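Heads up, the thing below is written out as structure tokens.
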Amino acid sequence: MTLGAREAEWPEIFTSERPVDNFRRDVLQGLSSNPKYLSPKYFYDPRGSRLFDLISATEEYYLTRTESRILVCHAKEIMAQIPADLTLIELGSGSSIKTRYLLEAGSAIHDYLPIDISRQHLLQATAALVEQFPSISMHPLAADYTQLDRLPAVRNGTTPLLFFPGSTLGNLDHEQSLALLSRWHTLLQGRGYLLLGIDLLKDKALLEAAYNDKAGYTAAFNMNLLRRINRELHGNFDFASFKHEAFFNPDQRRIEMHLRSVCEQSVQVAGYRFHFAAGESIHTESSYKFKLEDFRRFVQTAAWTLQMTWTDAAQYFGVVLLKALPYHEPS
Ligand code: AVI
């Protein structure tokens with residue numbers, strides 16, 4: 001079936017507002033700041049997404065395969081924790097690979113509502129899932145999951161389960177994470193669950209190896225931001241004058257990725273000039289690593305309670321099930 005036919009089948013894919021990325025504004029703002037920074041959300045152009053897939057398959061980057069293994073091994077137990085008759089809502093569904101593990105785990109899921117900023121991705125992934133799970137009704141929505149002001153309608157009598165795998169919450173700072181968790185709690189009106197992947201705090205050498213793979217995919221992924229700026233914003237970054245850096249910051253409990261200028265230089269972007277001192281960096285990503293006990297307290301401030309956690313034997317990664325704390329009726 002062509003994508004065009006699928007679009008006719010899922011009219012709601014058109015009804016959300018077209019997501020707007022303010023790439024130019026954000027890049028100019030980040031490069032004008034001190035210290036300089038760029039948002040990691042701009043890594044994911046088609047080349048960046050391909051590089052991320054390559055990173056995920058490296059020996060050093062344990063996150064993706066560990067989370068998948070946890071989901072495969074525990075999907076039935078996870079489902080058993082939630083009242084049956086579920087509507088599964090995936091936030092940033094991409095190619096919905098990890099979703100399959102949940103959909104395969106039993107018949108509790110009646111509806112699947114994948115939400116993704118890329119319509120093309122969404123249509124392709126949903127079309128493939130429809131073939132494999134014909135009894136589950138699917139309602140894709142093209143939207144930026146961080147900007148939702150309402151959720152797609154959840155069928156009466158079903159419990160909403162939000163699914164946010166991939167440790168993506170770790171790429172937000174704590175304030176942003178709390179804002180997102182609170183927003184989702186509000187959208188669910190205090191009723192439902194959130195299944196989330198988080199990367200756990202561990203040995204510094206293991207963490208740093210995961211962001212400095214020997215094949216150089218993470219370095220290429222980081223440098224790809226400069227390529228994208230050159231291409232889309234008439235930039236003249238010289239790739240040989242910047243180097244990839246990723247290190248663990250123990251005070252913040254996060255991996256920081258930077259692009260460090262190897263010499264003093266000026267760069268032009270969108271007609272503006274930016275000066276770099278030798279050794280000055282652009283902070284391109286933070287990836288927070290959590291302790292489960294801290295995470296339990298953290299989510300409570302956004303009105304969620306941690307109901308259950310599944311980890312691998314080495315405790316590298318956690319899949320956590322949060323339950324929305326109900327709103328209290330005013331007395
Ligand atoms: C998507 N996100 C959870 C990845 C991470 O590990 O923070 C992005 C990434 N950055 C470098 N490698 C992978």
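Residue names in the structure tokens use chain letters A, B, ... in the order shown, residue numbers from 1 in each chain, and ligand numbers from 1 in the order shown.
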
Enumerate residues in contact with ligand 1: an atom-to-atom distance of at most 6 Å, counting only C-alpha atoms and all ligand atoms. Format the result as a CSV table (one decimal) with N, CA, C and O atoms, in the first residue's frame.
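After the write, result-v2.csv holds the following:
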```
chain,number,residue,atom,x,y,z
A,166,GLY,N,14.2,4.7,25.3
A,166,GLY,CA,15.4,5.3,24.7
A,166,GLY,C,16.2,6.2,25.5
A,166,GLY,O,17.2,6.8,25.0
A,167,SER,N,15.9,6.4,26.8
A,167,SER,CA,16.6,7.3,27.7
A,167,SER,C,16.7,8.7,27.2
A,167,SER,O,17.6,9.5,27.5
A,168,THR,N,15.6,9.1,26.4
A,168,THR,CA,15.6,10.4,25.8
A,168,THR,C,15.4,11.5,26.9
A,168,THR,O,15.8,12.6,26.8
A,171,ASN,N,18.4,13.4,28.0
A,171,ASN,CA,19.0,14.5,27.2
A,171,ASN,C,18.4,15.9,27.6
A,171,ASN,O,18.8,16.9,27.1
A,211,TYR,N,30.3,6.9,24.6
A,211,TYR,CA,30.2,8.1,23.9
A,211,TYR,C,31.5,8.5,23.1
A,211,TYR,O,31.6,9.6,22.6
A,218,THR,N,30.1,8.2,17.0
A,218,THR,CA,29.6,9.3,17.9
A,218,THR,C,30.3,10.6,17.5
A,218,THR,O,29.6,11.7,17.5
A,287,SER,N,23.7,14.0,28.7
A,287,SER,CA,23.0,12.8,28.8
A,287,SER,C,23.1,12.3,30.3
A,287,SER,O,24.1,11.8,30.8
```

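If you count only C-alpha atoms and ignore residues fewer than 3 places along the chain from Phe276 in chain A, what sits within 12 Å of it is Leu31, Ser32, Ser33, Asn34, Pro35, Lys36, Phe237, Ser241, Phe242, Leu259, Arg260, Ser261, Val262, Cys263, Glu264, Gln265, Ser266, Val267, Gln268, Arg273, Gly279, Glu280, Ser281 and Ile282 of chain A.
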
For Leu200 in chain A, please output as a compact mmCIF listing (two decimals) with N, CA and C atoms, in the first residue's frame all residues within 6 Å (counting only C-alpha atoms; exclusion window: fewer than 3 positions along the same chain).
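Result saved to around-v7.txt:
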```
# COMPACT_ATOMS: atom_id res chain seq x y z
N LYS A 289 22.59 10.53 33.88
CA LYS A 289 22.60 9.14 34.36
C LYS A 289 21.99 9.16 35.77
N PHE A 290 21.07 8.23 36.02
CA PHE A 290 20.27 8.32 37.24
C PHE A 290 20.58 7.22 38.23
N LYS A 291 20.34 7.53 39.52
CA LYS A 291 20.27 6.50 40.56
C LYS A 291 18.79 6.27 40.76
N TYR A 316 22.77 -1.77 34.31
CA TYR A 316 23.23 -0.69 33.42
C TYR A 316 22.08 0.25 33.08
N PHE A 317 20.88 -0.32 32.94
CA PHE A 317 19.77 0.44 32.38
C PHE A 317 18.48 0.09 33.14
```

(request) Run DSSP on the backbone and grab whatever in range 154-293 of chain A lands in strand (DSSP E or B); send it over as a PyMOL selection string. (result) chain A and resi 159-164+193-200+242-249+254-261+265-269+272-276+281-288+290

Counting only C-alpha atoms, which residues of range 65-115 of chain A fall within 12 Å of range 187-191 of chain A, and what is the closest atom pair for each with its distance in Å at one decimal, ordered by chain and rising number, as a Markdown table?
```
| residue | atom | partner | partner_atom | distance |
| --- | --- | --- | --- | --- |
| A:Ile82 | CA | A:Arg191 | CA | 11.9 |
| A:Pro83 | CA | A:Arg191 | CA | 11.8 |
| A:Thr87 | CA | A:Leu188 | CA | 11.9 |
| A:Ile89 | CA | A:Leu188 | CA | 11.0 |
```

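Comparing the minimum interatomic distances between Val130 in chain A and each of A:Arg100, A:Lys214, A:Lys76, A:His185, counting only C-alpha atoms, we find that A:Arg100 sits nearest.
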
(request) Counting only C-alpha atoms, figure out which residue out of A:Ala125, A:Ala57, A:Leu103, A:Ile198 gets nearest to Met79 in chain A. (result) A:Leu103

(request) Check the smallest atom-to-atom distance from each of A:Cys73, A:Ala246, A:Ile55, A:Ala314 to Ala105 in chain A using only C-alpha atoms, then report the winner. (result) A:Cys73

(request) Give me the residues within 7 Å of Pro140 in chain A as a list in words, counting only C-alpha atoms and dropping any in the same chain fewer than 5 places off. (result) Ile13, Leu113, Pro114, Ile115 and Leu122 of chain A

Let's have the selection written as a PDB file, in the first residue's frame, with C-alpha atoms.
```
ATOM      1  CA  ILE A  13      -2.247  12.698  10.830  1.00  0.00           C
ATOM      2  CA  LEU A 113      -1.381   6.016  19.112  1.00  0.00           C
ATOM      3  CA  PRO A 114       2.167   6.696  17.881  1.00  0.00           C
ATOM      4  CA  ILE A 115       3.220  10.367  17.939  1.00  0.00           C
ATOM      5  CA  LEU A 122       5.229   7.630  11.277  1.00  0.00           C
TER       6      LEU A 122
END
```

(message) Using Å and a single decimal, report how far CA of Thr126 in chain A sits from CA of Met138 in chain A.
(response) 7.2 Å

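Every protein or nucleic acid residue with an atom no more than 12 Å from Asn230 in chain A, counting only C-alpha atoms and leaving out same-chain residues fewer than 3 positions away, appears here: Arg24, Val27, Met223, Asn224, Leu225, Leu226, Arg227, Leu233, His234, Gly235, Asn236, Phe237, Asp238, Phe239, Val267, Gln268, Val269, Ala270 and Gly271 of chain A.
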
For the residues in the current selection, export N, CA, C and O atoms as a PDB file, in the first residue's frame.
```pdb
ATOM      1  N   ARG A  24      17.409  28.172  12.780  1.00  0.00           N
ATOM      2  CA  ARG A  24      18.234  29.372  12.615  1.00  0.00           C
ATOM      3  C   ARG A  24      18.290  30.172  13.916  1.00  0.00           C
ATOM      4  O   ARG A  24      19.363  30.498  14.422  1.00  0.00           O
ATOM      5  N   VAL A  27      20.253  28.262  16.684  1.00  0.00           N
ATOM      6  CA  VAL A  27      21.709  28.189  16.451  1.00  0.00           C
ATOM      7  C   VAL A  27      22.341  29.552  16.736  1.00  0.00           C
ATOM      8  O   VAL A  27      23.366  29.645  17.433  1.00  0.00           O
ATOM      9  N   MET A 223      29.849  15.927  15.019  1.00  0.00           N
ATOM     10  CA  MET A 223      30.330  16.851  13.973  1.00  0.00           C
ATOM     11  C   MET A 223      29.263  17.130  12.922  1.00  0.00           C
ATOM     12  O   MET A 223      29.294  18.151  12.244  1.00  0.00           O
ATOM     13  N   ASN A 224      28.310  16.213  12.789  1.00  0.00           N
ATOM     14  CA  ASN A 224      27.253  16.373  11.790  1.00  0.00           C
ATOM     15  C   ASN A 224      26.448  17.653  12.012  1.00  0.00           C
ATOM     16  O   ASN A 224      25.874  18.220  11.086  1.00  0.00           O
ATOM     17  N   LEU A 225      26.426  18.112  13.269  1.00  0.00           N
ATOM     18  CA  LEU A 225      25.718  19.368  13.557  1.00  0.00           C
ATOM     19  C   LEU A 225      26.352  20.527  12.780  1.00  0.00           C
ATOM     20  O   LEU A 225      25.650  21.405  12.265  1.00  0.00           O
ATOM     21  N   LEU A 226      27.684  20.513  12.704  1.00  0.00           N
ATOM     22  CA  LEU A 226      28.375  21.591  11.983  1.00  0.00           C
ATOM     23  C   LEU A 226      28.097  21.495  10.486  1.00  0.00           C
ATOM     24  O   LEU A 226      27.888  22.502   9.810  1.00  0.00           O
ATOM     25  N   ARG A 227      28.073  20.258   9.984  1.00  0.00           N
ATOM     26  CA  ARG A 227      27.715  20.055   8.567  1.00  0.00           C
ATOM     27  C   ARG A 227      26.341  20.613   8.272  1.00  0.00           C
ATOM     28  O   ARG A 227      26.099  21.240   7.253  1.00  0.00           O
ATOM     29  N   LEU A 233      22.366  26.788   6.952  1.00  0.00           N
ATOM     30  CA  LEU A 233      22.424  28.186   7.416  1.00  0.00           C
ATOM     31  C   LEU A 233      23.627  28.929   6.829  1.00  0.00           C
ATOM     32  O   LEU A 233      24.098  29.915   7.406  1.00  0.00           O
ATOM     33  N   HIS A 234      24.118  28.448   5.680  1.00  0.00           N
ATOM     34  CA  HIS A 234      25.253  29.093   5.017  1.00  0.00           C
ATOM     35  C   HIS A 234      26.412  29.297   5.991  1.00  0.00           C
ATOM     36  O   HIS A 234      26.974  30.389   6.069  1.00  0.00           O
ATOM     37  N   GLY A 235      26.764  28.258   6.721  1.00  0.00           N
ATOM     38  CA  GLY A 235      27.889  28.337   7.651  1.00  0.00           C
ATOM     39  C   GLY A 235      29.191  28.004   6.950  1.00  0.00           C
ATOM     40  O   GLY A 235      29.194  27.438   5.850  1.00  0.00           O
ATOM     41  N   ASN A 236      30.307  28.379   7.579  1.00  0.00           N
ATOM     42  CA  ASN A 236      31.602  27.980   7.008  1.00  0.00           C
ATOM     43  C   ASN A 236      32.497  27.320   8.062  1.00  0.00           C
ATOM     44  O   ASN A 236      33.685  27.593   8.130  1.00  0.00           O
ATOM     45  N   PHE A 237      31.890  26.471   8.910  1.00  0.00           N
ATOM     46  CA  PHE A 237      32.689  25.716   9.879  1.00  0.00           C
ATOM     47  C   PHE A 237      33.692  24.853   9.135  1.00  0.00           C
ATOM     48  O   PHE A 237      33.335  24.163   8.166  1.00  0.00           O
ATOM     49  N   ASP A 238      34.946  24.897   9.592  1.00  0.00           N
ATOM     50  CA  ASP A 238      35.990  24.019   9.041  1.00  0.00           C
ATOM     51  C   ASP A 238      36.076  22.802   9.979  1.00  0.00           C
ATOM     52  O   ASP A 238      36.454  22.944  11.145  1.00  0.00           O
ATOM     53  N   PHE A 239      35.676  21.630   9.468  1.00  0.00           N
ATOM     54  CA  PHE A 239      35.557  20.446  10.344  1.00  0.00           C
ATOM     55  C   PHE A 239      36.887  20.065  10.992  1.00  0.00           C
ATOM     56  O   PHE A 239      36.917  19.538  12.095  1.00  0.00           O
ATOM     57  N   VAL A 267      33.979  32.096  12.722  1.00  0.00           N
ATOM     58  CA  VAL A 267      33.113  31.299  11.843  1.00  0.00           C
ATOM     59  C   VAL A 267      31.904  32.151  11.479  1.00  0.00           C
ATOM     60  O   VAL A 267      31.402  32.906  12.316  1.00  0.00           O
ATOM     61  N   GLN A 268      31.465  32.032  10.247  1.00  0.00           N
ATOM     62  CA  GLN A 268      30.268  32.772   9.800  1.00  0.00           C
ATOM     63  C   GLN A 268      29.087  31.818   9.723  1.00  0.00           C
ATOM     64  O   GLN A 268      29.207  30.714   9.186  1.00  0.00           O
ATOM     65  N   VAL A 269      27.946  32.264  10.261  1.00  0.00           N
ATOM     66  CA  VAL A 269      26.705  31.480  10.155  1.00  0.00           C
ATOM     67  C   VAL A 269      25.566  32.458   9.882  1.00  0.00           C
ATOM     68  O   VAL A 269      25.386  33.423  10.641  1.00  0.00           O
ATOM     69  N   ALA A 270      24.826  32.205   8.825  1.00  0.00           N
ATOM     70  CA  ALA A 270      23.665  33.033   8.460  1.00  0.00           C
ATOM     71  C   ALA A 270      24.029  34.519   8.436  1.00  0.00           C
ATOM     72  O   ALA A 270      23.243  35.372   8.873  1.00  0.00           O
ATOM     73  N   GLY A 271      25.235  34.815   7.985  1.00  0.00           N
ATOM     74  CA  GLY A 271      25.653  36.211   7.867  1.00  0.00           C
ATOM     75  C   GLY A 271      26.221  36.807   9.156  1.00  0.00           C
ATOM     76  O   GLY A 271      26.648  37.955   9.163  1.00  0.00           O
TER      77      GLY A 271
END
```

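Among the candidate residues A:Leu180, A:Val320, A:Ile229, A:Ala142, the one lying nearest to Asp45 in chain A is A:Ile229, with distances computed using only C-alpha atoms.
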
Please report as a tab-separated table every residue of range 52-124 of chain A lying within 6 Å of range 144-163 of chain A, along with the nearest atom pair and their distance in Å (one decimal), using only C-alpha atoms.
```
residue	atom	partner	partner_atom	distance
A:Asp85	CA	A:Thr158	CA	5.0
A:Leu86	CA	A:Thr159	CA	4.8
A:Thr87	CA	A:Pro160	CA	4.8
A:Leu88	CA	A:Leu161	CA	4.9
A:Ile89	CA	A:Leu162	CA	4.8
A:Glu90	CA	A:Phe163	CA	4.6
A:Leu91	CA	A:Tyr145	CA	5.7
A:Ile117	CA	A:Asp144	CA	4.9
```

For the residues in the current selection, export N, CA and C atoms as a short mmCIF file (atom, residue, chain, number, x, y, z; two decimals), in the first residue's frame.
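Writing the result to out.cif gives the following:
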```
data_model
loop_
_atom_site.label_atom_id
_atom_site.label_comp_id
_atom_site.auth_asym_id
_atom_site.auth_seq_id
_atom_site.Cartn_x
_atom_site.Cartn_y
_atom_site.Cartn_z
N ASP A 85 -6.95 -3.71 29.02
CA ASP A 85 -7.64 -2.76 28.13
C ASP A 85 -6.88 -1.44 28.11
N LEU A 86 -5.82 -1.47 27.36
CA LEU A 86 -4.91 -0.32 27.33
C LEU A 86 -4.96 0.43 26.02
N THR A 87 -4.73 1.73 26.11
CA THR A 87 -4.39 2.50 24.93
C THR A 87 -2.93 2.89 25.08
N LEU A 88 -2.11 2.42 24.15
CA LEU A 88 -0.67 2.69 24.20
C LEU A 88 -0.37 3.94 23.38
N ILE A 89 0.24 4.94 24.03
CA ILE A 89 0.55 6.20 23.34
C ILE A 89 2.06 6.36 23.36
N GLU A 90 2.68 6.30 22.18
CA GLU A 90 4.15 6.38 22.17
C GLU A 90 4.60 7.79 21.80
N LEU A 91 5.50 8.34 22.63
CA LEU A 91 5.95 9.72 22.46
C LEU A 91 7.28 9.73 21.71
N ILE A 117 7.34 13.51 15.16
CA ILE A 117 7.46 14.76 14.40
C ILE A 117 7.58 14.48 12.89
#
```
